[in-house]
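Listing of structure_30.cif; format and content: mmCIF, C-alpha atoms; chains and numbers go by the auth columns.
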```
data_upload
loop_
_atom_site.group_PDB
_atom_site.id
_atom_site.type_symbol
_atom_site.label_atom_id
_atom_site.label_comp_id
_atom_site.label_asym_id
_atom_site.label_seq_id
_atom_site.Cartn_x
_atom_site.Cartn_y
_atom_site.Cartn_z
_atom_site.B_iso_or_equiv
_atom_site.auth_seq_id
_atom_site.auth_asym_id
ATOM 1 C CA MET A 1 -3.980 -3.110 21.092 0.00 1 A
ATOM 2 C CA THR A 2 -0.573 -2.756 22.780 0.00 2 A
ATOM 3 C CA PRO A 3 2.271 -1.902 20.380 0.00 3 A
ATOM 4 C CA MET A 4 5.204 -4.292 20.143 0.00 4 A
ATOM 5 C CA PRO A 5 8.284 -3.348 22.235 0.00 5 A
ATOM 6 C CA ALA A 6 10.537 -0.844 20.502 0.00 6 A
ATOM 7 C CA ASP A 7 13.897 -1.849 19.074 0.00 7 A
ATOM 8 C CA ARG A 8 16.015 1.114 20.198 0.00 8 A
ATOM 9 C CA SER A 9 18.473 0.891 17.305 0.00 9 A
ATOM 10 C CA LEU A 10 15.545 0.912 14.872 0.00 10 A
ATOM 11 C CA VAL A 11 13.914 3.850 16.662 0.00 11 A
ATOM 12 C CA ASP A 12 17.184 5.772 16.744 0.00 12 A
ATOM 13 C CA GLU A 13 17.634 5.344 13.009 0.00 13 A
ATOM 14 C CA LEU A 14 14.048 6.396 12.346 0.00 14 A
ATOM 15 C CA HIS A 15 14.710 9.512 14.430 0.00 15 A
ATOM 16 C CA GLU A 16 17.758 10.384 12.353 0.00 16 A
ATOM 17 C CA HIS A 17 15.968 9.933 9.029 0.00 17 A
ATOM 18 C CA ALA A 18 13.022 12.004 10.269 0.00 18 A
ATOM 19 C CA ARG A 19 15.285 14.800 11.537 0.00 19 A
ATOM 20 C CA THR A 20 17.023 14.910 8.170 0.00 20 A
ATOM 21 C CA LEU A 21 13.684 15.209 6.401 0.00 21 A
ATOM 22 C CA ALA A 22 12.443 17.866 8.810 0.00 22 A
ATOM 23 C CA GLY A 23 15.562 19.936 8.193 0.00 23 A
ATOM 24 C CA ALA A 24 15.191 19.589 4.422 0.00 24 A
ATOM 25 C CA LEU A 25 11.595 20.825 4.712 0.00 25 A
ATOM 26 C CA GLY A 26 12.644 23.832 6.803 0.00 26 A
ATOM 27 C CA LEU A 27 11.171 22.419 10.016 0.00 27 A
ATOM 28 C CA PRO A 28 12.856 22.062 13.421 0.00 28 A
ATOM 29 C CA ARG A 29 14.728 18.790 13.772 0.00 29 A
ATOM 30 C CA ASP A 30 12.779 17.871 16.907 0.00 30 A
ATOM 31 C CA THR A 31 9.622 18.019 14.801 0.00 31 A
ATOM 32 C CA GLY A 32 11.061 15.061 12.906 0.00 32 A
ATOM 33 C CA THR A 33 11.667 13.194 16.154 0.00 33 A
ATOM 34 C CA ARG A 34 8.066 13.651 17.245 0.00 34 A
ATOM 35 C CA MET A 35 6.783 12.571 13.835 0.00 35 A
ATOM 36 C CA ALA A 36 8.952 9.438 13.922 0.00 36 A
ATOM 37 C CA ASP A 37 7.749 8.522 17.405 0.00 37 A
ATOM 38 C CA ALA A 38 4.087 8.958 16.512 0.00 38 A
ATOM 39 C CA LEU A 39 4.388 6.919 13.331 0.00 39 A
ATOM 40 C CA HIS A 40 6.482 4.234 15.014 0.00 40 A
ATOM 41 C CA ARG A 41 3.628 3.684 17.459 0.00 41 A
ATOM 42 C CA GLN A 42 1.261 3.143 14.540 0.00 42 A
ATOM 43 C CA TYR A 43 3.610 0.857 12.627 0.00 43 A
ATOM 44 C CA ALA A 44 4.193 -1.226 15.785 0.00 44 A
ATOM 45 C CA GLN A 45 0.520 -2.059 16.290 0.00 45 A
ATOM 46 C CA TRP A 46 -0.967 -5.547 16.095 0.00 46 A
ATOM 47 C CA PRO A 47 -1.446 -7.431 13.769 0.00 47 A
ATOM 48 C CA ARG A 48 1.416 -6.066 11.710 0.00 48 A
ATOM 49 C CA ARG A 49 4.175 -8.528 10.922 0.00 49 A
ATOM 50 C CA TYR A 50 5.411 -7.208 7.587 0.00 50 A
ATOM 51 C CA HIS A 51 3.846 -3.739 7.323 0.00 51 A
ATOM 52 C CA ASP A 52 5.623 -2.722 10.497 0.00 52 A
ATOM 53 C CA ALA A 53 8.427 -0.407 11.602 0.00 53 A
ATOM 54 C CA ARG A 54 11.022 -2.584 9.827 0.00 54 A
ATOM 55 C CA HIS A 55 9.213 -1.964 6.535 0.00 55 A
ATOM 56 C CA LEU A 56 8.954 1.737 7.344 0.00 56 A
ATOM 57 C CA LEU A 57 12.684 1.916 8.015 0.00 57 A
ATOM 58 C CA ALA A 58 13.495 0.026 4.808 0.00 58 A
ATOM 59 C CA CYS A 59 11.432 2.530 2.841 0.00 59 A
ATOM 60 C CA VAL A 60 12.884 5.671 4.402 0.00 60 A
ATOM 61 C CA ARG A 61 16.397 4.244 4.005 0.00 61 A
ATOM 62 C CA ALA A 62 15.707 3.627 0.321 0.00 62 A
ATOM 63 C CA ALA A 63 14.255 7.110 -0.076 0.00 63 A
ATOM 64 C CA ASP A 64 17.404 8.648 1.379 0.00 64 A
ATOM 65 C CA GLY A 65 19.528 6.366 -0.769 0.00 65 A
ATOM 66 C CA VAL A 66 18.003 7.646 -4.023 0.00 66 A
ATOM 67 C CA ARG A 67 17.917 11.300 -2.918 0.00 67 A
ATOM 68 C CA PRO A 68 20.677 12.289 -5.387 0.00 68 A
ATOM 69 C CA ILE A 69 18.799 10.882 -8.400 0.00 69 A
ATOM 70 C CA ALA A 70 15.075 11.020 -7.550 0.00 70 A
ATOM 71 C CA PRO A 71 12.962 14.089 -8.329 0.00 71 A
ATOM 72 C CA ASP A 72 11.355 15.887 -5.375 0.00 72 A
ATOM 73 C CA ALA A 73 13.097 13.655 -2.864 0.00 73 A
ATOM 74 C CA ASP A 74 11.544 15.369 0.169 0.00 74 A
ATOM 75 C CA THR A 75 8.026 14.799 -1.128 0.00 75 A
ATOM 76 C CA ILE A 76 8.819 11.147 -1.844 0.00 76 A
ATOM 77 C CA ALA A 77 10.267 10.644 1.630 0.00 77 A
ATOM 78 C CA PHE A 78 7.330 12.322 3.391 0.00 78 A
ATOM 79 C CA ALA A 79 4.849 10.148 1.493 0.00 79 A
ATOM 80 C CA LEU A 80 6.759 6.984 2.365 0.00 80 A
ATOM 81 C CA TRP A 81 6.712 7.829 6.076 0.00 81 A
ATOM 82 C CA PHE A 82 2.920 7.764 5.958 0.00 82 A
ATOM 83 C CA HIS A 83 2.179 5.223 3.227 0.00 83 A
ATOM 84 C CA ASP A 84 1.181 2.428 5.650 0.00 84 A
ATOM 85 C CA ALA A 85 0.330 4.603 8.645 0.00 85 A
ATOM 86 C CA VAL A 86 -3.102 2.965 8.729 0.00 86 A
ATOM 87 C CA TYR A 87 -3.046 -0.788 8.156 0.00 87 A
ATOM 88 C CA TRP A 88 -5.779 -3.243 9.075 0.00 88 A
ATOM 89 C CA PRO A 89 -5.619 -6.284 6.766 0.00 89 A
ATOM 90 C CA TRP A 90 -9.398 -6.729 6.714 0.00 90 A
ATOM 91 C CA ARG A 91 -10.071 -3.178 5.468 0.00 91 A
ATOM 92 C CA ARG A 92 -9.975 -1.860 1.907 0.00 92 A
ATOM 93 C CA ASP A 93 -9.427 1.811 2.716 0.00 93 A
ATOM 94 C CA ASN A 94 -5.992 1.688 4.327 0.00 94 A
ATOM 95 C CA GLU A 95 -4.302 3.703 1.594 0.00 95 A
ATOM 96 C CA ALA A 96 -7.048 6.323 1.579 0.00 96 A
ATOM 97 C CA ARG A 97 -6.897 6.718 5.353 0.00 97 A
ATOM 98 C CA SER A 98 -3.088 6.819 5.309 0.00 98 A
ATOM 99 C CA ALA A 99 -3.184 9.407 2.522 0.00 99 A
ATOM 100 C CA ASP A 100 -5.600 11.534 4.519 0.00 100 A
ATOM 101 C CA GLN A 101 -3.285 11.331 7.527 0.00 101 A
ATOM 102 C CA ALA A 102 -0.297 12.377 5.412 0.00 102 A
ATOM 103 C CA ARG A 103 -2.163 15.371 4.018 0.00 103 A
ATOM 104 C CA GLU A 104 -3.375 16.477 7.446 0.00 104 A
ATOM 105 C CA ALA A 105 0.100 16.076 8.945 0.00 105 A
ATOM 106 C CA ALA A 106 1.577 18.253 6.199 0.00 106 A
ATOM 107 C CA ARG A 107 -1.060 20.904 6.841 0.00 107 A
ATOM 108 C CA ARG A 108 -0.488 20.871 10.611 0.00 108 A
ATOM 109 C CA LEU A 109 3.236 21.323 10.029 0.00 109 A
ATOM 110 C CA GLY A 110 2.527 24.433 7.971 0.00 110 A
ATOM 111 C CA LEU A 111 3.765 22.940 4.704 0.00 111 A
ATOM 112 C CA PRO A 112 2.301 24.306 1.452 0.00 112 A
ATOM 113 C CA ALA A 113 -1.145 23.161 0.358 0.00 113 A
ATOM 114 C CA ALA A 114 0.306 21.895 -2.932 0.00 114 A
ATOM 115 C CA PHE A 115 2.779 19.731 -0.983 0.00 115 A
ATOM 116 C CA ALA A 116 -0.024 18.324 1.189 0.00 116 A
ATOM 117 C CA ALA A 117 -2.122 17.493 -1.868 0.00 117 A
ATOM 118 C CA ARG A 118 0.789 15.848 -3.626 0.00 118 A
ATOM 119 C CA VAL A 119 1.791 13.596 -0.725 0.00 119 A
ATOM 120 C CA HIS A 120 -1.854 12.517 -0.513 0.00 120 A
ATOM 121 C CA ALA A 121 -1.698 11.472 -4.173 0.00 121 A
ATOM 122 C CA LEU A 122 1.637 9.701 -3.708 0.00 122 A
ATOM 123 C CA VAL A 123 0.341 7.619 -0.814 0.00 123 A
ATOM 124 C CA MET A 124 -2.706 6.706 -2.889 0.00 124 A
ATOM 125 C CA ALA A 125 -0.312 5.461 -5.603 0.00 125 A
ATOM 126 C CA THR A 126 0.684 2.609 -3.273 0.00 126 A
ATOM 127 C CA ALA A 127 -2.780 1.035 -3.667 0.00 127 A
ATOM 128 C CA HIS A 128 -1.105 -1.357 -6.107 0.00 128 A
ATOM 129 C CA LEU A 129 -3.972 -3.738 -6.769 0.00 129 A
ATOM 130 C CA SER A 130 -6.367 -0.853 -7.244 0.00 130 A
ATOM 131 C CA GLY A 131 -4.255 0.267 -10.153 0.00 131 A
ATOM 132 C CA GLY A 132 -2.890 3.486 -8.717 0.00 132 A
ATOM 133 C CA PRO A 133 -2.116 6.277 -11.170 0.00 133 A
ATOM 134 C CA PRO A 134 -0.898 5.474 -14.677 0.00 134 A
ATOM 135 C CA ALA A 135 2.852 5.156 -14.924 0.00 135 A
ATOM 136 C CA HIS A 136 4.585 8.530 -15.140 0.00 136 A
ATOM 137 C CA ALA A 137 1.458 10.557 -14.260 0.00 137 A
ATOM 138 C CA ASP A 138 3.780 11.954 -11.588 0.00 138 A
ATOM 139 C CA PRO A 139 7.420 10.859 -11.752 0.00 139 A
ATOM 140 C CA ALA A 140 7.616 10.947 -7.955 0.00 140 A
ATOM 141 C CA ALA A 141 4.853 8.317 -7.792 0.00 141 A
ATOM 142 C CA ASP A 142 7.053 5.893 -9.693 0.00 142 A
ATOM 143 C CA TRP A 143 9.748 6.225 -7.033 0.00 143 A
ATOM 144 C CA VAL A 144 7.293 5.823 -4.151 0.00 144 A
ATOM 145 C CA VAL A 145 5.744 2.705 -5.682 0.00 145 A
ATOM 146 C CA ASP A 146 9.103 1.154 -6.552 0.00 146 A
ATOM 147 C CA ILE A 147 10.477 1.711 -3.055 0.00 147 A
ATOM 148 C CA ASP A 148 7.341 0.232 -1.490 0.00 148 A
ATOM 149 C CA LEU A 149 7.741 -2.846 -3.709 0.00 149 A
ATOM 150 C CA GLY A 150 11.454 -3.193 -3.033 0.00 150 A
ATOM 151 C CA ILE A 151 10.830 -6.305 -0.919 0.00 151 A
ATOM 152 C CA LEU A 152 9.869 -8.257 -4.041 0.00 152 A
ATOM 153 C CA GLY A 153 13.430 -8.073 -5.366 0.00 153 A
ATOM 154 C CA THR A 154 15.262 -8.967 -2.166 0.00 154 A
ATOM 155 C CA PRO A 155 17.355 -12.166 -1.690 0.00 155 A
ATOM 156 C CA PRO A 156 15.234 -15.330 -1.469 0.00 156 A
ATOM 157 C CA GLU A 157 15.558 -15.757 2.296 0.00 157 A
ATOM 158 C CA VAL A 158 14.387 -12.174 2.875 0.00 158 A
ATOM 159 C CA TYR A 159 11.537 -12.555 0.424 0.00 159 A
ATOM 160 C CA ASP A 160 10.454 -15.824 2.043 0.00 160 A
ATOM 161 C CA ARG A 161 10.246 -14.120 5.429 0.00 161 A
ATOM 162 C CA TYR A 162 8.059 -11.470 3.794 0.00 162 A
ATOM 163 C CA GLU A 163 5.676 -14.152 2.530 0.00 163 A
ATOM 164 C CA ARG A 164 5.491 -15.720 6.004 0.00 164 A
ATOM 165 C CA ASP A 165 4.932 -12.358 7.675 0.00 165 A
ATOM 166 C CA VAL A 166 2.156 -11.326 5.297 0.00 166 A
ATOM 167 C CA ARG A 167 0.439 -14.649 5.906 0.00 167 A
ATOM 168 C CA ARG A 168 0.581 -13.976 9.659 0.00 168 A
ATOM 169 C CA GLU A 169 -1.078 -10.612 9.083 0.00 169 A
ATOM 170 C CA TYR A 170 -3.891 -12.407 7.263 0.00 170 A
ATOM 171 C CA PHE A 171 -4.274 -15.025 10.004 0.00 171 A
ATOM 172 C CA PHE A 172 -8.063 -14.771 9.739 0.00 172 A
ATOM 173 C CA VAL A 173 -8.161 -16.031 6.124 0.00 173 A
ATOM 174 C CA MET A 174 -8.794 -19.747 5.636 0.00 174 A
ATOM 175 C CA PRO A 175 -5.897 -21.628 3.972 0.00 175 A
ATOM 176 C CA TRP A 176 -7.742 -22.384 0.724 0.00 176 A
ATOM 177 C CA ALA A 177 -8.857 -18.758 0.408 0.00 177 A
ATOM 178 C CA TRP A 178 -5.354 -17.534 1.195 0.00 178 A
ATOM 179 C CA ARG A 179 -3.802 -19.666 -1.537 0.00 179 A
ATOM 180 C CA LYS A 180 -6.314 -18.436 -4.106 0.00 180 A
ATOM 181 C CA GLY A 181 -6.065 -14.784 -3.124 0.00 181 A
ATOM 182 C CA ARG A 182 -2.309 -14.724 -2.725 0.00 182 A
ATOM 183 C CA ALA A 183 -1.798 -16.428 -6.082 0.00 183 A
ATOM 184 C CA ALA A 184 -3.924 -13.708 -7.689 0.00 184 A
ATOM 185 C CA VAL A 185 -1.754 -11.007 -6.100 0.00 185 A
ATOM 186 C CA LEU A 186 1.475 -12.633 -7.291 0.00 186 A
ATOM 187 C CA ARG A 187 0.130 -13.095 -10.810 0.00 187 A
ATOM 188 C CA HIS A 188 -0.982 -9.456 -10.859 0.00 188 A
ATOM 189 C CA PHE A 189 2.630 -8.355 -10.478 0.00 189 A
ATOM 190 C CA LEU A 190 4.031 -10.969 -12.857 0.00 190 A
ATOM 191 C CA ASP A 191 1.543 -9.959 -15.536 0.00 191 A
ATOM 192 C CA GLN A 192 2.803 -6.370 -15.557 0.00 192 A
ATOM 193 C CA PRO A 193 5.183 -5.499 -18.419 0.00 193 A
ATOM 194 C CA ARG A 194 7.399 -3.968 -15.717 0.00 194 A
ATOM 195 C CA ILE A 195 7.127 -4.460 -11.982 0.00 195 A
ATOM 196 C CA TYR A 196 9.404 -1.477 -11.363 0.00 196 A
ATOM 197 C CA ARG A 197 8.636 1.782 -13.116 0.00 197 A
ATOM 198 C CA THR A 198 11.923 3.635 -12.652 0.00 198 A
ATOM 199 C CA ALA A 199 14.993 2.678 -14.650 0.00 199 A
ATOM 200 C CA HIS A 200 16.992 2.580 -11.399 0.00 200 A
ATOM 201 C CA PHE A 201 14.911 -0.059 -9.630 0.00 201 A
ATOM 202 C CA HIS A 202 14.020 -1.898 -12.829 0.00 202 A
ATOM 203 C CA GLY A 203 17.701 -2.522 -13.446 0.00 203 A
ATOM 204 C CA LEU A 204 18.402 -3.574 -9.865 0.00 204 A
ATOM 205 C CA LEU A 205 15.361 -5.602 -8.884 0.00 205 A
ATOM 206 C CA GLU A 206 13.217 -6.675 -11.851 0.00 206 A
ATOM 207 C CA GLY A 207 14.912 -10.032 -12.407 0.00 207 A
ATOM 208 C CA PRO A 208 15.130 -11.072 -8.734 0.00 208 A
ATOM 209 C CA ALA A 209 11.530 -9.988 -8.149 0.00 209 A
ATOM 210 C CA ARG A 210 10.175 -12.107 -10.990 0.00 210 A
ATOM 211 C CA ALA A 211 12.164 -15.109 -9.772 0.00 211 A
ATOM 212 C CA ASN A 212 10.811 -14.669 -6.225 0.00 212 A
ATOM 213 C CA LEU A 213 7.213 -14.303 -7.390 0.00 213 A
ATOM 214 C CA GLN A 214 7.413 -17.350 -9.624 0.00 214 A
ATOM 215 C CA ARG A 215 8.917 -19.390 -6.788 0.00 215 A
ATOM 216 C CA ALA A 216 6.189 -18.209 -4.396 0.00 216 A
ATOM 217 C CA LEU A 217 3.509 -19.234 -6.897 0.00 217 A
ATOM 218 C CA ARG A 218 5.017 -22.710 -7.092 0.00 218 A
ATOM 219 C CA ALA A 219 5.053 -22.933 -3.297 0.00 219 A
ATOM 220 C CA LEU A 220 1.317 -22.169 -3.283 0.00 220 A
ATOM 221 C CA GLY A 221 0.733 -24.939 -5.806 0.00 221 A
ATOM 222 C CA ALA A 222 -0.595 -22.341 -8.210 0.00 222 A
#
```
Just give me the structure of the file as structure tokens.
Amino acid sequence: MTPMPADRSLVDELHEHARTLAGALGLPRDTGTRMADALHRQYAQWPRRYHDARHLLACVRAADGVRPIAPDADTIAFALWFHDAVYWPWRRDNEARSADQAREAARRLGLPAAFAARVHALVMATAHLSGGPPAHADPAADWVVDIDLGILGTPPEVYDRYERDVRREYFFVMPWAWRKGRAAVLRHFLDQPRIYRTAHFHGLLEGPARANLQRALRALGA
């Protein structure tokens, strides 16, 4: 499938975030540029409408934003670059394939084996409905998961666009099946004692996220 046309301002910002990460990891800055370009091509592929380069940029922005307070910020950022590298809505192994890609990329870049193994585990933590690791098994996983779920706590108009975009990704699902399945996903998050594992994101986003999810359930008639 042909990728969507690139938004140059988006690409330029991805380049800058990737160069910053490359420098922090002791890699040449142009290595970051090449990584950003390769991943942008993946995130721009059909049928992505939410899990696209805009989502990638939101995640890497958030990762840089919490760099002063998050543990192992470089590991968190690297994992987030790859967390949706593979995304086909009809498959159940997207996280596993994305995690494998993250690990192999780290190895090719000459990063330590322990780093490669850890970013693999952090990407796997984003398999939210599969449970992921228990909270605090790795503190960095809490940050990765919270950043990935940041969309849930956005203003209502942003959240509503997210719901529309996810539905477009699942265009092949019949309406009745979509309502049933989507309601189950929303209830999964609402049933958690905490949607956000870190104190930082819990304080910022927990309330807005619960309000958005409850409103989305009502819109589904669920």
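The nearest approach to Ala116 (chain A) among the residues A:Trp90, A:Ala79, A:Thr154, A:Ala140, with all atoms listed in the file taken into account, belongs to A:Ala79.
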Quick one: which residues end up in the PyMOL selection byres ((chain A and resi 11) around 10) for this structure, as a ChimeraX atom specification? /A:6-10,12-17,33,36-37,40,53-54,57
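Nearest residue to Cys59 (chain A), choosing from A:Trp46, A:Phe115, A:Trp143, A:Trp176 and counting only C-alpha atoms: A:Trp143.
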Nearby residues (all atoms listed in the file) at most 10 Å from Leu25 (chain A), same-chain spacing under 5 positions excluded, as a PyMOL selection string: chain A and resi 19-20+74-75+78+109+111
Could you list, as a PDB file with C-alpha atoms, in the frame of the given file, every residue matched by the PyMOL selection byres ((chain A and resi 77) around 12) in this structure?
```
ATOM      1  CA  HIS A  17      15.968   9.933   9.029  1.00  0.00           C
ATOM      2  CA  ALA A  18      13.022  12.004  10.269  1.00  0.00           C
ATOM      3  CA  ARG A  19      15.285  14.800  11.537  1.00  0.00           C
ATOM      4  CA  THR A  20      17.023  14.910   8.170  1.00  0.00           C
ATOM      5  CA  LEU A  21      13.684  15.209   6.401  1.00  0.00           C
ATOM      6  CA  ALA A  22      12.443  17.866   8.810  1.00  0.00           C
ATOM      7  CA  ALA A  24      15.191  19.589   4.422  1.00  0.00           C
ATOM      8  CA  LEU A  25      11.595  20.825   4.712  1.00  0.00           C
ATOM      9  CA  LEU A  56       8.954   1.737   7.344  1.00  0.00           C
ATOM     10  CA  LEU A  57      12.684   1.916   8.015  1.00  0.00           C
ATOM     11  CA  ALA A  58      13.495   0.026   4.808  1.00  0.00           C
ATOM     12  CA  CYS A  59      11.432   2.530   2.841  1.00  0.00           C
ATOM     13  CA  VAL A  60      12.884   5.671   4.402  1.00  0.00           C
ATOM     14  CA  ARG A  61      16.397   4.244   4.005  1.00  0.00           C
ATOM     15  CA  ALA A  62      15.707   3.627   0.321  1.00  0.00           C
ATOM     16  CA  ALA A  63      14.255   7.110  -0.076  1.00  0.00           C
ATOM     17  CA  ASP A  64      17.404   8.648   1.379  1.00  0.00           C
ATOM     18  CA  GLY A  65      19.528   6.366  -0.769  1.00  0.00           C
ATOM     19  CA  VAL A  66      18.003   7.646  -4.023  1.00  0.00           C
ATOM     20  CA  ARG A  67      17.917  11.300  -2.918  1.00  0.00           C
ATOM     21  CA  ALA A  70      15.075  11.020  -7.550  1.00  0.00           C
ATOM     22  CA  PRO A  71      12.962  14.089  -8.329  1.00  0.00           C
ATOM     23  CA  ASP A  72      11.355  15.887  -5.375  1.00  0.00           C
ATOM     24  CA  ALA A  73      13.097  13.655  -2.864  1.00  0.00           C
ATOM     25  CA  ASP A  74      11.544  15.369   0.169  1.00  0.00           C
ATOM     26  CA  THR A  75       8.026  14.799  -1.128  1.00  0.00           C
ATOM     27  CA  ILE A  76       8.819  11.147  -1.844  1.00  0.00           C
ATOM     28  CA  PHE A  78       7.330  12.322   3.391  1.00  0.00           C
ATOM     29  CA  ALA A  79       4.849  10.148   1.493  1.00  0.00           C
ATOM     30  CA  LEU A  80       6.759   6.984   2.365  1.00  0.00           C
ATOM     31  CA  TRP A  81       6.712   7.829   6.076  1.00  0.00           C
ATOM     32  CA  PHE A  82       2.920   7.764   5.958  1.00  0.00           C
ATOM     33  CA  HIS A  83       2.179   5.223   3.227  1.00  0.00           C
ATOM     34  CA  ALA A 102      -0.297  12.377   5.412  1.00  0.00           C
ATOM     35  CA  VAL A 119       1.791  13.596  -0.725  1.00  0.00           C
ATOM     36  CA  LEU A 122       1.637   9.701  -3.708  1.00  0.00           C
ATOM     37  CA  VAL A 123       0.341   7.619  -0.814  1.00  0.00           C
ATOM     38  CA  ALA A 140       7.616  10.947  -7.955  1.00  0.00           C
ATOM     39  CA  ALA A 141       4.853   8.317  -7.792  1.00  0.00           C
ATOM     40  CA  TRP A 143       9.748   6.225  -7.033  1.00  0.00           C
ATOM     41  CA  VAL A 144       7.293   5.823  -4.151  1.00  0.00           C
ATOM     42  CA  VAL A 145       5.744   2.705  -5.682  1.00  0.00           C
ATOM     43  CA  ILE A 147      10.477   1.711  -3.055  1.00  0.00           C
ATOM     44  CA  ASP A 148       7.341   0.232  -1.490  1.00  0.00           C
TER      45      ASP A 148
END
```
Given the file above and the PyMOL selection byres ((chain A and resi 187) around 12), which residues are selected, and can you give them as a PyMOL selection string? chain A and resi 129+180-186+188-193+195+210+212-218+220+222
CA of Gln42 (chain A) to CA of Val86 (chain A), straight-line distance in Å: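 According to the coordinates, CA of Val86 (chain A) and CA of Gln42 (chain A) are separated by 7.3 Å.
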Counting all atoms listed in the file, the residue of A:Ala209, A:Ala106, A:Val173, A:Ala121 that sits nearest Arg194 (chain A):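 Going through A:Ala209, A:Ala106, A:Val173, A:Ala121 one by one, the smallest distance to Arg194 (chain A) is for A:Ala209.
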